[in-house]
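A short write-up of the structure that comes next.
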Number of protein chains: 2
Amino acid sequence: MVPTAQMTSEALSQKLADSGLRNTPQREIIYSILTKKRDHPTADEVFARVKAEMPTISLATVYNCLEALVQCNLVRQVNFERGPTRYCPNLHPHAHFHDETTGSTYDIDLPPGLLEQLKSQLPVGYQASDVEITFRGHAAS
Amino acid sequence: MVPTAQMTSEALSQKLADSGLRNTPQREIIYSILTKKRDHPTADEVFARVKAEMPTISLATVYNCLEALVQCNLVRQVNFERGPTRYCPNLHPHAHFHDETTGSTYDIDLPPGLLEQLKSQLPVGYQASDVEITFRGHAAS
DNA sequence: GTGATAATTAGAATAATTCTAACAAAATAG
DNA sequence: CTATTTTGTTAGAATTATTCTAATTATCAC
């Protein structure tokens, strides 16, 4: 996987401000946790990780901060079969692969134009703003 | 949409038996409700519809029966962004389109081989048994 | 600094689903 | 065909993930 550059505190603040939101220590830590280990953690898992650095944080704040990061397009929510929502800081269009044995989620890069190609195959009158592709199976690696 | 032939009571019983399950009046009514109006109802919506015909049925039974129909591969579960699970008797491989304005879900037929083509593009070591494609947007019709 | 606005927090509330235990129906054994 | 076992249904409690509420705290604009 290509390591993505860490966003500066200022860039994060700017992104938040663009959506009318403020930066806070909680939001910053949570965003850094998501970029540090891109394993699609749930809110509970994020809560556990952030508590190590900021023991007084509450689960409600974790949910609120994650929502703020989703609002300002720094993080995407990933859902799989009514399991808890997972959070993904990979903003490039990509699909997800769900390993049925381990429960792990992997990002899958898609050939450029594939999503547009899929959208173009919709029947007349269907205008898709987004396409979500999820693979389910077993990953060898 | 292509109207699909109604399955006979015997065929339903056979399908259930194949998975070691019995047929019951509840399972039969619920399956008929799903095939009658293929609008991807939630368990609650199925409950409301079945109560018209069988007022004494319980919501737990609706969940149990839907699960039985899923077990014997007569019905598929469809999930969208942590909303309640929806039930779909369309067994042909297909995608779903979620209308953001109405909340309706539509089946989208896919060109034959497209799912296999997608699976073949996975990195080495990723073996997908299933691919799920969900479009989100606005349907004109 | 002061008032307004926004964010955090703890705990209560909610929604969808699953579990539990009791009862009923159906299949199987004697 | 009756007894026994198995399976299915039911009502209500429990669970899980998430959201809401109200109080407190922090930050911003002046």
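FYI, nothing fancy with the structure tokens labels: chains A, B, ... in order, residues from 1 per chain, ligands from 1 as they appear.
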
Given only C-alpha atoms (C1' of nucleotides), how would the per-residue table for chain B near chain D read, listing every residue at most 12 Å away with its closest atom pair and distance in Å to one decimal, sorted by chain and number, as JSON lines?
```
{"residue": "B:Gly20", "atom": "CA", "partner": "D:DT7", "partner_atom": "C1'", "distance": 10.1}
{"residue": "B:Leu21", "atom": "CA", "partner": "D:DT7", "partner_atom": "C1'", "distance": 8.3}
{"residue": "B:Arg22", "atom": "CA", "partner": "D:DT7", "partner_atom": "C1'", "distance": 7.9}
{"residue": "B:Asn23", "atom": "CA", "partner": "D:DG8", "partner_atom": "C1'", "distance": 9.6}
{"residue": "B:Thr24", "atom": "CA", "partner": "D:DG8", "partner_atom": "C1'", "distance": 8.2}
{"residue": "B:Pro25", "atom": "CA", "partner": "D:DG8", "partner_atom": "C1'", "distance": 10.7}
{"residue": "B:Gln26", "atom": "CA", "partner": "D:DT9", "partner_atom": "C1'", "distance": 9.2}
{"residue": "B:Arg27", "atom": "CA", "partner": "D:DG8", "partner_atom": "C1'", "distance": 10.3}
{"residue": "B:Thr56", "atom": "CA", "partner": "D:DT10", "partner_atom": "C1'", "distance": 9.3}
{"residue": "B:Ile57", "atom": "CA", "partner": "D:DT10", "partner_atom": "C1'", "distance": 8.0}
{"residue": "B:Ser58", "atom": "CA", "partner": "D:DT10", "partner_atom": "C1'", "distance": 6.4}
{"residue": "B:Leu59", "atom": "CA", "partner": "D:DT10", "partner_atom": "C1'", "distance": 9.0}
{"residue": "B:Ala60", "atom": "CA", "partner": "D:DT10", "partner_atom": "C1'", "distance": 7.5}
{"residue": "B:Thr61", "atom": "CA", "partner": "D:DT9", "partner_atom": "C1'", "distance": 6.3}
{"residue": "B:Val62", "atom": "CA", "partner": "D:DT9", "partner_atom": "C1'", "distance": 9.9}
{"residue": "B:Tyr63", "atom": "CA", "partner": "D:DT9", "partner_atom": "C1'", "distance": 11.3}
{"residue": "B:Asn64", "atom": "CA", "partner": "D:DT9", "partner_atom": "C1'", "distance": 9.1}
{"residue": "B:Cys65", "atom": "CA", "partner": "D:DG8", "partner_atom": "C1'", "distance": 9.5}
{"residue": "B:Ala68", "atom": "CA", "partner": "D:DG8", "partner_atom": "C1'", "distance": 10.9}
{"residue": "B:Arg82", "atom": "CA", "partner": "D:DA17", "partner_atom": "C1'", "distance": 9.6}
{"residue": "B:Gly83", "atom": "CA", "partner": "D:DT18", "partner_atom": "C1'", "distance": 11.7}
```

So that I have them on file, write out the residues from the current selection with N, CA and C atoms, as a PDB file, in the first residue's frame.
```pdb
ATOM      1  N   GLY B  20     -32.588 -28.683   5.580  1.00  0.00           N
ATOM      2  CA  GLY B  20     -32.984 -29.285   6.850  1.00  0.00           C
ATOM      3  C   GLY B  20     -34.043 -28.502   7.601  1.00  0.00           C
ATOM      4  N   LEU B  21     -34.835 -27.715   6.850  1.00  0.00           N
ATOM      5  CA  LEU B  21     -35.875 -26.900   7.489  1.00  0.00           C
ATOM      6  C   LEU B  21     -37.250 -27.347   7.014  1.00  0.00           C
ATOM      7  N   ARG B  22     -38.263 -27.132   7.863  1.00  0.00           N
ATOM      8  CA  ARG B  22     -39.635 -27.492   7.497  1.00  0.00           C
ATOM      9  C   ARG B  22     -40.339 -26.300   6.869  1.00  0.00           C
ATOM     10  N   ASN B  23     -41.377 -26.618   6.159  1.00  0.00           N
ATOM     11  CA  ASN B  23     -42.231 -25.535   5.693  1.00  0.00           C
ATOM     12  C   ASN B  23     -43.302 -25.276   6.760  1.00  0.00           C
ATOM     13  N   THR B  24     -43.713 -24.032   6.846  1.00  0.00           N
ATOM     14  CA  THR B  24     -44.770 -23.649   7.789  1.00  0.00           C
ATOM     15  C   THR B  24     -45.634 -22.598   7.099  1.00  0.00           C
ATOM     16  N   PRO B  25     -46.867 -22.409   7.595  1.00  0.00           N
ATOM     17  CA  PRO B  25     -47.725 -21.374   7.007  1.00  0.00           C
ATOM     18  C   PRO B  25     -47.048 -20.006   7.065  1.00  0.00           C
ATOM     19  N   GLN B  26     -46.356 -19.720   8.164  1.00  0.00           N
ATOM     20  CA  GLN B  26     -45.689 -18.427   8.312  1.00  0.00           C
ATOM     21  C   GLN B  26     -44.632 -18.220   7.231  1.00  0.00           C
ATOM     22  N   ARG B  27     -43.811 -19.242   7.020  1.00  0.00           N
ATOM     23  CA  ARG B  27     -42.749 -19.128   6.018  1.00  0.00           C
ATOM     24  C   ARG B  27     -43.332 -18.959   4.618  1.00  0.00           C
ATOM     25  N   THR B  56     -51.928 -12.871  14.060  1.00  0.00           N
ATOM     26  CA  THR B  56     -51.320 -13.320  15.310  1.00  0.00           C
ATOM     27  C   THR B  56     -49.806 -13.507  15.207  1.00  0.00           C
ATOM     28  N   ILE B  57     -49.260 -13.317  14.013  1.00  0.00           N
ATOM     29  CA  ILE B  57     -47.818 -13.565  13.848  1.00  0.00           C
ATOM     30  C   ILE B  57     -47.012 -12.534  14.655  1.00  0.00           C
ATOM     31  N   SER B  58     -45.845 -12.950  15.097  1.00  0.00           N
ATOM     32  CA  SER B  58     -44.991 -12.047  15.870  1.00  0.00           C
ATOM     33  C   SER B  58     -43.817 -11.570  15.023  1.00  0.00           C
ATOM     34  N   LEU B  59     -43.243 -10.443  15.449  1.00  0.00           N
ATOM     35  CA  LEU B  59     -42.085  -9.903  14.725  1.00  0.00           C
ATOM     36  C   LEU B  59     -40.914 -10.874  14.793  1.00  0.00           C
ATOM     37  N   ALA B  60     -40.755 -11.540  15.935  1.00  0.00           N
ATOM     38  CA  ALA B  60     -39.660 -12.511  16.065  1.00  0.00           C
ATOM     39  C   ALA B  60     -39.797 -13.608  15.015  1.00  0.00           C
ATOM     40  N   THR B  61     -41.033 -14.038  14.769  1.00  0.00           N
ATOM     41  CA  THR B  61     -41.255 -15.075  13.755  1.00  0.00           C
ATOM     42  C   THR B  61     -40.922 -14.563  12.368  1.00  0.00           C
ATOM     43  N   VAL B  62     -41.265 -13.304  12.118  1.00  0.00           N
ATOM     44  CA  VAL B  62     -40.915 -12.726  10.814  1.00  0.00           C
ATOM     45  C   VAL B  62     -39.398 -12.777  10.635  1.00  0.00           C
ATOM     46  N   TYR B  63     -38.653 -12.369  11.651  1.00  0.00           N
ATOM     47  CA  TYR B  63     -37.195 -12.447  11.569  1.00  0.00           C
ATOM     48  C   TYR B  63     -36.746 -13.895  11.367  1.00  0.00           C
ATOM     49  N   ASN B  64     -37.325 -14.815  12.138  1.00  0.00           N
ATOM     50  CA  ASN B  64     -36.937 -16.225  12.020  1.00  0.00           C
ATOM     51  C   ASN B  64     -37.231 -16.773  10.628  1.00  0.00           C
ATOM     52  N   CYS B  65     -38.401 -16.450  10.106  1.00  0.00           N
ATOM     53  CA  CYS B  65     -38.780 -16.971   8.790  1.00  0.00           C
ATOM     54  C   CYS B  65     -37.909 -16.379   7.695  1.00  0.00           C
ATOM     55  N   ALA B  68     -34.770 -18.150   7.748  1.00  0.00           N
ATOM     56  CA  ALA B  68     -34.909 -19.487   7.156  1.00  0.00           C
ATOM     57  C   ALA B  68     -34.869 -19.399   5.628  1.00  0.00           C
ATOM     58  N   ARG B  82     -25.992   0.754   7.057  1.00  0.00           N
ATOM     59  CA  ARG B  82     -26.523   0.500   8.406  1.00  0.00           C
ATOM     60  C   ARG B  82     -28.001   0.762   8.567  1.00  0.00           C
ATOM     61  N   GLY B  83     -28.709   0.954   7.470  1.00  0.00           N
ATOM     62  CA  GLY B  83     -30.165   0.964   7.557  1.00  0.00           C
ATOM     63  C   GLY B  83     -30.640  -0.445   7.849  1.00  0.00           C
TER      64      GLY B  83
END
```

For this session: Go through chain A and collect every residue that DSSP, computed from the backbone, puts in helix (DSSP H, G or I); the answer should be as a count of residues only.
Result: 53

With the cut-off set at 9 Å and counting only C-alpha atoms (C1' of nucleotides), tabulate each residue of chain C with an atom at most that distance from an atom of chain B, showing the nearest atom pair and its distance in Å to one decimal, ordered by chain and increasing number, as a Markdown table.
```
| residue | atom | partner | partner_atom | distance |
| --- | --- | --- | --- | --- |
| C:DA15 | C1' | B:Pro84 | CA | 8.9 |
| C:DA16 | C1' | B:Pro84 | CA | 6.4 |
| C:DT17 | C1' | B:Tyr63 | CA | 8.4 |
```

Take the residues from that selection and put them in a file with N, CA and C atoms (P, O5', C5', C4', C3', O3' and C1' of nucleotides), as a PDB file, in the first residue's frame.
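Saved result, selection-v1.pdb, follows:
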```pdb
ATOM      1  P    DA C  15     -36.820   4.985  17.661  1.00  0.00           P
ATOM      2  O5'  DA C  15     -35.939   4.029  16.739  1.00  0.00           O
ATOM      3  C5'  DA C  15     -34.616   4.398  16.398  1.00  0.00           C
ATOM      4  C4'  DA C  15     -34.000   3.217  15.684  1.00  0.00           C
ATOM      5  C3'  DA C  15     -35.019   2.232  15.122  1.00  0.00           C
ATOM      6  O3'  DA C  15     -34.566   1.795  13.854  1.00  0.00           O
ATOM      7  C1'  DA C  15     -33.647   1.142  16.717  1.00  0.00           C
ATOM      8  P    DA C  16     -35.490   0.776  13.012  1.00  0.00           P
ATOM      9  O5'  DA C  16     -34.613  -0.548  13.065  1.00  0.00           O
ATOM     10  C5'  DA C  16     -33.302  -0.522  12.527  1.00  0.00           C
ATOM     11  C4'  DA C  16     -32.610  -1.808  12.914  1.00  0.00           C
ATOM     12  C3'  DA C  16     -33.343  -3.066  12.465  1.00  0.00           C
ATOM     13  O3'  DA C  16     -32.428  -3.842  11.700  1.00  0.00           O
ATOM     14  C1'  DA C  16     -32.803  -3.170  14.783  1.00  0.00           C
ATOM     15  P    DT C  17     -32.811  -5.219  11.051  1.00  0.00           P
ATOM     16  O5'  DT C  17     -32.382  -6.224  12.214  1.00  0.00           O
ATOM     17  C5'  DT C  17     -31.055  -6.103  12.706  1.00  0.00           C
ATOM     18  C4'  DT C  17     -30.910  -6.922  13.964  1.00  0.00           C
ATOM     19  C3'  DT C  17     -31.315  -8.389  13.801  1.00  0.00           C
ATOM     20  O3'  DT C  17     -30.108  -9.138  13.824  1.00  0.00           O
ATOM     21  C1'  DT C  17     -31.968  -7.470  15.910  1.00  0.00           C
TER      22       DT C  17
END
```

For this session: Mind listing the strand (DSSP E or B) residues of chain B, per DSSP on the backbone, as a count of residues only?
Result: 32

Exercise. Between B:Ser13, B:Ser19, B:Thr35, B:Thr134, which has the minimum distance to Thr105 in chain B (counting only C-alpha atoms)?
Worked result: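 Closest residue, counting only C-alpha atoms: B:Thr134.
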
For this session: For chain A, list the residues within 9 Å of chain B, counting only C-alpha atoms, and write the list as a count of residues only.
Result: 38

Exercise. In Å to one decimal, how far is CA of Pro112 in chain A from CA of Gly113 in chain B?
Worked result: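 The value is 19.4 Å.
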